[in-house]
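Trainee: File my_file.txt follows (compact mmCIF, C-alpha atoms and all ligand atoms):
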```txt
# COMPACT_ATOMS: atom_id res chain seq x y z
CA MET A 1 0.00 0.00 0.00
CA THR A 2 1.17 3.50 -0.80
CA GLU A 3 1.75 5.67 2.20
CA VAL A 4 1.47 9.47 1.99
CA ILE A 5 3.61 11.39 4.43
CA ALA A 6 3.31 15.08 5.30
CA LEU A 7 6.60 16.96 5.35
CA PRO A 8 5.87 20.39 6.85
CA ALA A 9 7.76 23.26 5.19
CA PHE A 10 7.96 27.02 5.80
CA ASP A 11 5.16 28.23 8.10
CA ASP A 12 2.22 26.30 6.74
CA ASN A 13 3.11 24.31 3.59
CA TYR A 14 2.92 20.55 3.24
CA ILE A 15 5.19 18.69 0.87
CA TRP A 16 3.58 15.30 0.24
CA LEU A 17 5.87 12.28 0.04
CA LEU A 18 4.57 9.04 -1.46
CA ARG A 19 6.31 5.79 -0.62
CA ARG A 20 5.65 2.10 -0.46
CA ASP A 21 6.91 -0.49 2.02
CA GLY A 22 9.92 -2.35 0.71
CA VAL A 23 10.45 0.05 -2.22
CA SER A 24 13.60 2.18 -2.19
CA THR A 25 12.29 5.04 -4.34
CA CYS A 26 9.70 7.65 -3.48
CA VAL A 27 7.90 10.62 -4.99
CA VAL A 28 7.35 14.14 -3.70
CA VAL A 29 4.65 16.66 -4.56
CA ASP A 30 5.36 20.43 -4.54
CA PRO A 31 8.74 20.56 -2.81
CA GLY A 32 8.97 24.29 -2.11
CA ASP A 33 11.96 23.61 0.11
CA GLU A 34 14.56 20.86 -0.33
CA ASP A 35 15.58 20.51 3.33
CA PRO A 36 12.65 18.51 4.76
CA VAL A 37 12.80 16.19 1.74
CA ILE A 38 16.55 15.59 1.97
CA GLU A 39 16.25 14.95 5.68
CA TYR A 40 13.50 12.36 5.21
CA LEU A 41 15.15 10.60 2.29
CA GLU A 42 18.47 10.33 4.10
CA ALA A 43 16.86 9.12 7.32
CA HIS A 44 14.93 6.41 5.44
CA GLU A 45 17.58 5.60 2.83
CA LEU A 46 15.28 6.41 -0.06
CA THR A 47 15.97 7.90 -3.47
CA LEU A 48 13.69 10.13 -5.49
CA SER A 49 12.07 8.82 -8.67
CA ASP A 50 9.66 11.67 -9.45
CA ILE A 51 8.90 15.23 -8.44
CA LEU A 52 5.34 16.37 -9.16
CA ILE A 53 4.52 20.07 -9.33
CA THR A 54 1.01 21.54 -9.33
CA HIS A 55 1.78 25.16 -10.23
CA LYS A 56 4.50 27.74 -10.65
CA HIS A 57 4.64 29.44 -7.24
CA GLY A 58 7.97 29.38 -5.44
CA ASP A 59 6.59 27.77 -2.29
CA HIS A 60 5.80 24.71 -4.48
CA THR A 61 8.89 24.64 -6.71
CA GLY A 62 11.75 26.22 -4.74
CA GLY A 63 13.38 22.94 -3.69
CA VAL A 64 13.39 21.24 -7.08
CA ARG A 65 16.79 22.41 -8.32
CA GLU A 66 18.68 21.12 -5.30
CA LEU A 67 16.72 17.82 -5.21
CA LYS A 68 17.49 17.29 -8.87
CA ARG A 69 21.18 17.95 -8.17
CA ARG A 70 21.21 15.26 -5.48
CA TRP A 71 18.98 12.80 -7.32
CA PRO A 72 19.66 13.46 -11.02
CA ASP A 73 17.46 10.53 -12.10
CA ALA A 74 14.34 12.10 -10.59
CA ARG A 75 11.85 13.07 -13.28
CA VAL A 76 10.34 16.52 -12.81
CA CYS A 77 6.69 16.68 -13.90
CA GLY A 78 4.54 19.81 -13.98
CA PRO A 79 1.99 21.86 -15.89
CA ALA A 80 2.78 22.30 -19.59
CA HIS A 81 1.49 25.85 -19.74
CA GLU A 82 3.16 27.52 -16.78
CA PRO A 83 6.66 29.03 -16.86
CA ILE A 84 8.55 26.58 -14.64
CA ALA A 85 12.10 26.16 -15.91
CA VAL A 86 12.79 22.96 -13.96
CA VAL A 87 9.88 20.95 -15.44
CA GLU A 88 10.97 18.17 -17.83
CA LYS A 89 7.76 16.22 -18.37
CA LYS A 90 5.07 18.71 -19.31
CA LEU A 91 1.57 17.64 -18.34
CA ARG A 92 -1.93 18.62 -19.35
CA GLU A 93 -5.50 17.36 -19.03
CA GLY A 94 -5.79 13.75 -20.13
CA ASP A 95 -2.18 12.84 -19.36
CA ALA A 96 -1.31 10.28 -16.72
CA VAL A 97 1.76 9.83 -14.56
CA ALA A 98 2.72 6.19 -14.09
CA LEU A 99 4.54 5.69 -10.81
CA ASP A 100 5.38 2.06 -11.45
CA GLU A 101 7.35 1.34 -8.29
CA LEU A 102 4.54 2.71 -6.16
CA GLN A 103 1.98 0.87 -8.31
CA LEU A 104 0.18 4.14 -8.72
CA ASN A 105 -1.21 5.77 -11.83
CA LEU A 106 -2.17 9.41 -11.41
CA GLN A 107 -4.43 11.26 -13.82
CA VAL A 108 -3.72 14.89 -14.61
CA LEU A 109 -6.62 17.33 -14.21
CA ASP A 110 -6.50 20.92 -15.43
CA VAL A 111 -7.73 23.04 -12.52
CA PRO A 112 -6.85 26.64 -13.42
CA GLY A 113 -7.90 29.67 -11.39
CA HIS A 114 -5.36 30.15 -8.60
CA THR A 115 -2.83 30.31 -11.44
CA GLU A 116 -3.47 30.19 -15.17
CA SER A 117 -2.62 26.52 -15.71
CA HIS A 118 -2.63 24.87 -12.30
CA ILE A 119 -2.95 21.07 -12.48
CA ALA A 120 -3.97 18.41 -9.96
CA TYR A 121 -3.00 14.74 -9.71
CA PHE A 122 -5.71 12.19 -9.02
CA GLY A 123 -5.59 8.41 -8.62
CA ASN A 124 -6.27 5.56 -6.19
CA GLY A 125 -8.62 7.78 -4.21
CA LEU A 126 -5.92 10.43 -3.65
CA LEU A 127 -6.12 14.02 -4.90
CA PHE A 128 -3.09 16.32 -4.84
CA CYS A 129 -4.64 19.67 -5.58
CA GLY A 130 -1.95 22.21 -4.62
CA ASP A 131 -3.56 25.60 -3.94
CA THR A 132 -6.85 24.99 -5.78
CA LEU A 133 -9.02 23.44 -3.07
CA PHE A 134 -7.98 23.78 0.58
CA ALA A 135 -9.46 22.07 3.60
CA GLY A 136 -12.37 24.38 4.39
CA GLY A 137 -11.50 26.88 1.67
CA CYS A 138 -9.79 27.45 -1.67
CA GLY A 139 -6.85 29.33 -3.14
CA ARG A 140 -6.94 32.98 -4.03
CA VAL A 141 -7.31 34.04 -7.62
CA PHE A 142 -3.86 35.21 -8.72
CA SER A 143 -3.00 34.68 -12.39
CA GLY A 144 -6.18 32.80 -13.31
CA THR A 145 -9.78 34.01 -13.23
CA PHE A 146 -12.71 33.65 -10.84
CA GLU A 147 -14.63 31.78 -13.51
CA GLN A 148 -11.79 29.29 -13.95
CA LEU A 149 -11.45 28.64 -10.24
CA SER A 150 -15.19 28.25 -9.85
CA ASP A 151 -15.29 25.72 -12.69
CA SER A 152 -12.23 23.87 -11.35
CA LEU A 153 -13.84 23.49 -7.94
CA ARG A 154 -17.06 22.26 -9.55
CA ARG A 155 -15.02 19.67 -11.32
CA ILE A 156 -13.28 18.51 -8.15
CA ALA A 157 -16.70 18.39 -6.44
CA GLY A 158 -17.68 15.69 -8.95
CA LEU A 159 -14.90 13.26 -7.95
CA PRO A 160 -15.80 10.29 -5.73
CA LYS A 161 -16.83 11.43 -2.24
CA GLU A 162 -14.33 9.21 -0.46
CA THR A 163 -11.41 10.94 -2.25
CA LEU A 164 -8.71 12.08 0.16
CA VAL A 165 -7.88 15.74 -0.41
CA TYR A 166 -4.17 16.49 -0.05
CA CYS A 167 -3.90 20.26 -0.35
CA ALA A 168 -0.61 22.10 0.01
CA HIS A 169 -1.23 24.32 3.06
CA GLU A 170 -2.42 24.07 6.64
CA TYR A 171 -4.96 26.90 6.46
CA THR A 172 -7.88 24.89 7.75
CA LEU A 173 -8.84 26.64 11.00
CA ALA A 174 -8.67 30.11 9.42
CA ASN A 175 -10.71 28.85 6.46
CA LEU A 176 -13.35 27.35 8.73
CA GLY A 177 -13.67 30.67 10.55
CA PHE A 178 -14.80 32.23 7.28
CA ALA A 179 -17.00 29.22 6.50
CA LYS A 180 -18.79 29.97 9.78
CA TRP A 181 -19.43 33.55 8.65
CA VAL A 182 -21.17 32.09 5.62
CA GLU A 183 -23.05 29.27 7.33
CA PRO A 184 -23.26 29.89 11.08
CA GLU A 185 -25.92 27.21 11.42
CA ASN A 186 -24.25 24.39 9.52
CA THR A 187 -23.97 21.71 12.22
CA GLU A 188 -21.43 19.61 10.33
CA LEU A 189 -19.27 22.71 10.00
CA LEU A 190 -19.51 23.46 13.72
CA GLN A 191 -18.53 19.87 14.50
CA ARG A 192 -15.62 20.05 12.07
CA ILE A 193 -14.29 23.21 13.70
CA GLN A 194 -14.18 21.38 17.05
CA ASP A 195 -12.53 18.31 15.55
CA ASP A 196 -9.90 20.28 13.66
CA GLN A 197 -9.15 22.54 16.65
CA ARG A 198 -8.49 19.43 18.70
CA GLN A 199 -6.26 18.06 15.95
CA ARG A 200 -4.19 21.26 15.79
CA ALA A 201 -3.95 21.46 19.57
CA ARG A 202 -2.21 18.09 19.42
CA GLY A 203 0.13 19.44 16.76
CA LEU A 204 -1.31 17.21 14.04
CA PRO A 205 -2.23 18.13 10.46
CA THR A 206 -5.90 18.56 9.55
CA VAL A 207 -5.01 17.40 6.02
CA PRO A 208 -5.93 15.19 4.24
CA SER A 209 -9.65 15.71 4.53
CA THR A 210 -12.24 13.86 2.51
CA LEU A 211 -14.17 15.31 -0.38
CA LYS A 212 -17.32 14.26 1.49
CA LEU A 213 -16.41 16.51 4.41
CA GLU A 214 -15.50 19.37 2.06
CA LEU A 215 -18.84 19.06 0.26
CA ALA A 216 -20.62 19.34 3.62
CA THR A 217 -18.61 22.21 5.12
CA ASN A 218 -16.53 24.14 2.57
CA PRO A 219 -18.54 27.14 1.28
CA PHE A 220 -16.57 27.25 -1.98
CA LEU A 221 -17.93 23.79 -2.85
CA ARG A 222 -21.43 24.75 -1.71
CA THR A 223 -22.25 27.51 -4.16
CA GLY A 224 -25.52 25.78 -5.03
CA GLN A 225 -26.79 25.61 -1.43
CA PRO A 226 -29.60 28.06 -0.59
CA ALA A 227 -28.00 29.19 2.69
CA VAL A 228 -24.68 29.90 0.95
CA ILE A 229 -26.35 31.72 -1.93
CA ALA A 230 -28.36 33.85 0.53
CA ALA A 231 -25.24 34.79 2.52
CA ALA A 232 -23.30 35.67 -0.64
CA GLU A 233 -26.19 37.77 -1.95
CA LYS A 234 -26.47 39.59 1.34
CA TRP A 235 -22.76 40.50 1.21
CA ALA A 236 -22.90 41.47 -2.46
CA GLY A 237 -26.12 43.45 -2.06
CA SER A 238 -27.53 41.96 -5.25
CA THR A 239 -29.08 38.82 -6.70
CA LEU A 240 -26.55 36.22 -7.83
CA SER A 241 -27.28 33.54 -10.35
CA GLY A 242 -25.26 30.42 -10.89
CA HIS A 243 -22.19 28.88 -9.28
CA ARG A 244 -19.74 31.33 -10.82
CA GLU A 245 -21.42 34.45 -9.49
CA VAL A 246 -21.87 32.99 -6.02
CA PHE A 247 -18.26 31.81 -6.03
CA ARG A 248 -16.93 35.23 -7.03
CA ALA A 249 -18.88 36.95 -4.26
CA LEU A 250 -17.64 34.45 -1.63
CA ARG A 251 -14.03 34.74 -2.77
CA GLN A 252 -14.17 38.56 -2.80
CA TRP A 253 -15.92 38.63 0.56
CA LYS A 254 -13.16 36.55 2.12
CA ASP A 255 -10.38 38.53 0.39
CA ARG A 256 -11.73 41.90 1.42
CA ASP A 257 -13.27 41.42 4.83
CA TYR A 258 -11.84 38.26 6.40
CA ASP A 259 -8.20 37.58 5.51
ZN ZN B 301 0.22 29.01 -4.91
FE FE B 302 1.13 27.80 -2.05
```
Mind converting the file's structure to structure tokens?
Ligand code: ZN
Ligand code: FE

Mentor:
Amino acid sequence: MTEVIALPAFDDNYIWLLRRDGVSTCVVVDPGDEDPVIEYLEAHELTLSDILITHKHGDHTGGVRELKRRWPDARVCGPAHEPIAVVEKKLREGDAVALDELQLNLQVLDVPGHTESHIAYFGNGLLFCGDTLFAGGCGRVFSGTFEQLSDSLRRIAGLPKETLVYCAHEYTLANLGFAKWVEPENTELLQRIQDDQRQRARGLPTVPSTLKLELATNPFLRTGQPAVIAAAEKWAGSTLSGHREVFRALRQWKDRDYD
């Protein structure tokens, strides 16, 4: 069985490391910093077969050059349409990444919005979604558009509910605080806040979450729910129609008044 290990980096990033018992190679996702990866690989006598990148930001790519210097055989995979000099295998919608030693085949999904050509990796019930969907929230719109991010989240919402969501940051408690502004009476949300607070108090990650939990508590995946629409309309001061308009209002509300 493939194991997914969280390597904390910087203040709140997670670098995900995929390994399998008895296999001497491993894979990392979004190594913004080389140090935690080098430390883990040396401690466990592993080598690196692949580096998977979701988007161009430095906190997801900054460690690649040094990792590649140490493990020259590692294949660097990333989005075809973002300017990332270190990427060798350029990926787009419909491609797959075969991680033979881990017996894992990951599909590439185009999920633009946070950046113009952000991708996600999905397979075996695991989703590595970078800064597109977060536990309890979603990424900001930087070099993509609100419409793109709304559509990308709709797409992720359609994956199997038991999918484990491996996002790239520990932003969960702050995100859930905003979720509570939107849906103060959502009982699953209130329960989640308690559970995740307990988890953080023990120093443990709140990630991965499940898509099922996100669908029940994350306002950015709930843009079709009457309570969420009503809250977004109240903030916007106008009628909103469709997922994209509700999404834009929620994202702007959080950007302007919460963060
Ligand atoms: Zn980012
Ligand atoms: Fe990031």

Trainee: For ligand ZN 301 (chain B), which of A:Ala201, A:Leu176, A:Val182, A:Leu133 is the closest residue, counting all atoms listed in the file?

Mentor: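 Closest candidate: A:Leu133.
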
Trainee: Can you list every residue of chain A that has an atom at most 8 Å from ligand ZN 301 (chain B), with its nearest atom pair and the distance in Å to one decimal, using all atoms listed in the file, ordered by chain then number, as JSON lines?

Mentor:
```
{"residue": "A:His55", "atom": "CA", "partner": "B:ZN301", "partner_atom": "ZN", "distance": 6.7}
{"residue": "A:Lys56", "atom": "CA", "partner": "B:ZN301", "partner_atom": "ZN", "distance": 7.3}
{"residue": "A:His57", "atom": "CA", "partner": "B:ZN301", "partner_atom": "ZN", "distance": 5.0}
{"residue": "A:Gly58", "atom": "CA", "partner": "B:ZN301", "partner_atom": "ZN", "distance": 7.8}
{"residue": "A:Asp59", "atom": "CA", "partner": "B:ZN301", "partner_atom": "ZN", "distance": 7.0}
{"residue": "A:His60", "atom": "CA", "partner": "B:ZN301", "partner_atom": "ZN", "distance": 7.1}
{"residue": "A:His114", "atom": "CA", "partner": "B:ZN301", "partner_atom": "ZN", "distance": 6.8}
{"residue": "A:Thr115", "atom": "CA", "partner": "B:ZN301", "partner_atom": "ZN", "distance": 7.3}
{"residue": "A:Gly130", "atom": "CA", "partner": "B:ZN301", "partner_atom": "ZN", "distance": 7.1}
{"residue": "A:Asp131", "atom": "CA", "partner": "B:ZN301", "partner_atom": "ZN", "distance": 5.2}
{"residue": "A:Gly139", "atom": "CA", "partner": "B:ZN301", "partner_atom": "ZN", "distance": 7.3}
```

Trainee: Ligand FE 302 (chain B): which residues are within 12 Å, counting only C-alpha atoms and all ligand atoms? Reply as a short mmCIF file (atom, residue, chain, number, x, y, z; two decimals) with C-alpha atoms, in the coordinates of the input.

Mentor:
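This went into selection_28.cif:
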```cif
data_model
loop_
_atom_site.label_atom_id
_atom_site.label_comp_id
_atom_site.auth_asym_id
_atom_site.auth_seq_id
_atom_site.Cartn_x
_atom_site.Cartn_y
_atom_site.Cartn_z
CA ALA A 9 7.76 23.26 5.19
CA PHE A 10 7.96 27.02 5.80
CA ASP A 11 5.16 28.23 8.10
CA ASP A 12 2.22 26.30 6.74
CA ASN A 13 3.11 24.31 3.59
CA TYR A 14 2.92 20.55 3.24
CA ILE A 15 5.19 18.69 0.87
CA VAL A 29 4.65 16.66 -4.56
CA ASP A 30 5.36 20.43 -4.54
CA PRO A 31 8.74 20.56 -2.81
CA GLY A 32 8.97 24.29 -2.11
CA ASP A 33 11.96 23.61 0.11
CA ILE A 53 4.52 20.07 -9.33
CA THR A 54 1.01 21.54 -9.33
CA HIS A 55 1.78 25.16 -10.23
CA LYS A 56 4.50 27.74 -10.65
CA HIS A 57 4.64 29.44 -7.24
CA GLY A 58 7.97 29.38 -5.44
CA ASP A 59 6.59 27.77 -2.29
CA HIS A 60 5.80 24.71 -4.48
CA THR A 61 8.89 24.64 -6.71
CA GLY A 62 11.75 26.22 -4.74
CA HIS A 114 -5.36 30.15 -8.60
CA THR A 115 -2.83 30.31 -11.44
CA HIS A 118 -2.63 24.87 -12.30
CA CYS A 129 -4.64 19.67 -5.58
CA GLY A 130 -1.95 22.21 -4.62
CA ASP A 131 -3.56 25.60 -3.94
CA THR A 132 -6.85 24.99 -5.78
CA LEU A 133 -9.02 23.44 -3.07
CA PHE A 134 -7.98 23.78 0.58
CA CYS A 138 -9.79 27.45 -1.67
CA GLY A 139 -6.85 29.33 -3.14
CA ARG A 140 -6.94 32.98 -4.03
CA VAL A 141 -7.31 34.04 -7.62
CA PHE A 142 -3.86 35.21 -8.72
CA CYS A 167 -3.90 20.26 -0.35
CA ALA A 168 -0.61 22.10 0.01
CA HIS A 169 -1.23 24.32 3.06
CA GLU A 170 -2.42 24.07 6.64
CA TYR A 171 -4.96 26.90 6.46
#
```

Trainee: Residues within 10 Å of (-4.5, 30.2, -14.4), file coordinates, counting all atoms listed in the file: what are they? Give the list as a PDB file with C-alpha atoms, keeping the file's coordinate frame.

Mentor:
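File produced: out.pdb:
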```pdb
ATOM      1  CA  HIS A  55       1.780  25.160 -10.230  1.00  0.00           C
ATOM      2  CA  HIS A  81       1.490  25.850 -19.740  1.00  0.00           C
ATOM      3  CA  GLU A  82       3.160  27.520 -16.780  1.00  0.00           C
ATOM      4  CA  ASP A 110      -6.500  20.920 -15.430  1.00  0.00           C
ATOM      5  CA  VAL A 111      -7.730  23.040 -12.520  1.00  0.00           C
ATOM      6  CA  PRO A 112      -6.850  26.640 -13.420  1.00  0.00           C
ATOM      7  CA  GLY A 113      -7.900  29.670 -11.390  1.00  0.00           C
ATOM      8  CA  HIS A 114      -5.360  30.150  -8.600  1.00  0.00           C
ATOM      9  CA  THR A 115      -2.830  30.310 -11.440  1.00  0.00           C
ATOM     10  CA  GLU A 116      -3.470  30.190 -15.170  1.00  0.00           C
ATOM     11  CA  SER A 117      -2.620  26.520 -15.710  1.00  0.00           C
ATOM     12  CA  HIS A 118      -2.630  24.870 -12.300  1.00  0.00           C
ATOM     13  CA  ILE A 119      -2.950  21.070 -12.480  1.00  0.00           C
ATOM     14  CA  VAL A 141      -7.310  34.040  -7.620  1.00  0.00           C
ATOM     15  CA  PHE A 142      -3.860  35.210  -8.720  1.00  0.00           C
ATOM     16  CA  SER A 143      -3.000  34.680 -12.390  1.00  0.00           C
ATOM     17  CA  GLY A 144      -6.180  32.800 -13.310  1.00  0.00           C
ATOM     18  CA  THR A 145      -9.780  34.010 -13.230  1.00  0.00           C
ATOM     19  CA  PHE A 146     -12.710  33.650 -10.840  1.00  0.00           C
ATOM     20  CA  GLN A 148     -11.790  29.290 -13.950  1.00  0.00           C
ATOM     21  CA  LEU A 149     -11.450  28.640 -10.240  1.00  0.00           C
TER      22      LEU A 149
END
```

Trainee: Restricting the calculation to only C-alpha atoms: of A:Glu45, A:Glu34, A:Leu211, A:Asp195, which residue gets closest to A:Arg69?

Mentor: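 Distance minimum relative to A:Arg69 lands on A:Glu34.
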
Trainee: Of the residues A:Phe178, A:Val207, A:Ala80, A:Glu183, which is the one nearest to A:Leu7, using only C-alpha atoms?

Mentor: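 Residue with the minimum atom-to-atom distance to A:Leu7: A:Val207.
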
Trainee: Using only C-alpha atoms, find the one residue out of A:Leu221, A:Ala230, A:Ala85, A:Val97 that sits nearest to A:Val27.

Mentor: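 Using only C-alpha atoms, the shortest distance to A:Val27 belongs to A:Val97.
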
Trainee: Quick one: everything within 7 Å of A:Lys212, counting only C-alpha atoms, minus sequence neighbours fewer than 4 positions away in the same chain. Send it as number ranges by chain.

Mentor: A: 161-162, 216

Trainee: With all atoms listed in the file as the counted atoms, please give the residues lying no more than 8 Å from A:Asn175, apart from itself and same-chain residues fewer than 2 positions off, as an mmCIF file with C-alpha atoms, keeping the file's coordinate frame.

Mentor:
```cif
data_model
loop_
_atom_site.group_PDB
_atom_site.id
_atom_site.type_symbol
_atom_site.label_atom_id
_atom_site.label_comp_id
_atom_site.auth_asym_id
_atom_site.auth_seq_id
_atom_site.Cartn_x
_atom_site.Cartn_y
_atom_site.Cartn_z
ATOM 1 C CA ALA A 135 -9.460 22.070 3.600
ATOM 2 C CA GLY A 136 -12.370 24.380 4.390
ATOM 3 C CA GLY A 137 -11.500 26.880 1.670
ATOM 4 C CA TYR A 171 -4.960 26.900 6.460
ATOM 5 C CA THR A 172 -7.880 24.890 7.750
ATOM 6 C CA LEU A 173 -8.840 26.640 11.000
ATOM 7 C CA GLY A 177 -13.670 30.670 10.550
ATOM 8 C CA PHE A 178 -14.800 32.230 7.280
ATOM 9 C CA ALA A 179 -17.000 29.220 6.500
#
```

Trainee: Find the residue from A:Cys77, A:Ala6, A:Leu159, A:Leu106 that sits nearest to A:Thr206; use all atoms listed in the file when measuring.

Mentor: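 Nearest to A:Thr206: A:Ala6.
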
Trainee: Go ahead and compute the interatomic distance for atom CA of A:Gly123 and atom CA of A:Gln191, in Å to one decimal.

Mentor: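 Here the two named atoms are 28.9 Å from each other.
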
Trainee: Identify, on the basis of all atoms listed in the file, every residue whose closest approach to A:Glu185 does not exceed 12 Å; exclude the query and any residue fewer than 5 positions from it along the same chain; express the result as an mmCIF file with C-alpha atoms, in the coordinates of the input.

Mentor:
```
data_model
loop_
_atom_site.group_PDB
_atom_site.id
_atom_site.type_symbol
_atom_site.label_atom_id
_atom_site.label_comp_id
_atom_site.auth_asym_id
_atom_site.auth_seq_id
_atom_site.Cartn_x
_atom_site.Cartn_y
_atom_site.Cartn_z
ATOM 1 C CA ALA A 179 -17.000 29.220 6.500
ATOM 2 C CA LYS A 180 -18.790 29.970 9.780
ATOM 3 C CA LEU A 190 -19.510 23.460 13.720
ATOM 4 C CA GLN A 191 -18.530 19.870 14.500
ATOM 5 C CA THR A 217 -18.610 22.210 5.120
ATOM 6 C CA ALA A 227 -28.000 29.190 2.690
ATOM 7 C CA VAL A 228 -24.680 29.900 0.950
ATOM 8 C CA ALA A 231 -25.240 34.790 2.520
#
```

Trainee: Show which residues sit within 10 Å of A:Arg20, as a PyMOL selection string. Count only C-alpha atoms, and ignore same-chain residues fewer than 5 positions away.

Mentor: chain A and resi 1-4+25-27+101-103

Trainee: Go through A:Ile38, A:Ala157, A:Leu52, A:Leu204 and flag the residue nearest A:Leu18, using all atoms listed in the file for the distances.

Mentor: A:Leu52

Trainee: Give me, please, the distance in Å between atom CA of A:Asp35 and atom CA of A:Gly203, quoted to one decimal.

Mentor: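 Computed distance, atom CA of A:Asp35 to atom CA of A:Gly203, equals 20.5 Å.
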
Trainee: In Å, with one decimal, what is the gap from atom CA of A:Phe220 to atom CA of A:Phe247?

Mentor: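 So the answer is 6.3 Å.
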
Trainee: Counting only C-alpha atoms, what is within 10 Å of A:Asp73, bar same-chain residues fewer than 6 positions away, as a count of residues only?

Mentor: 4
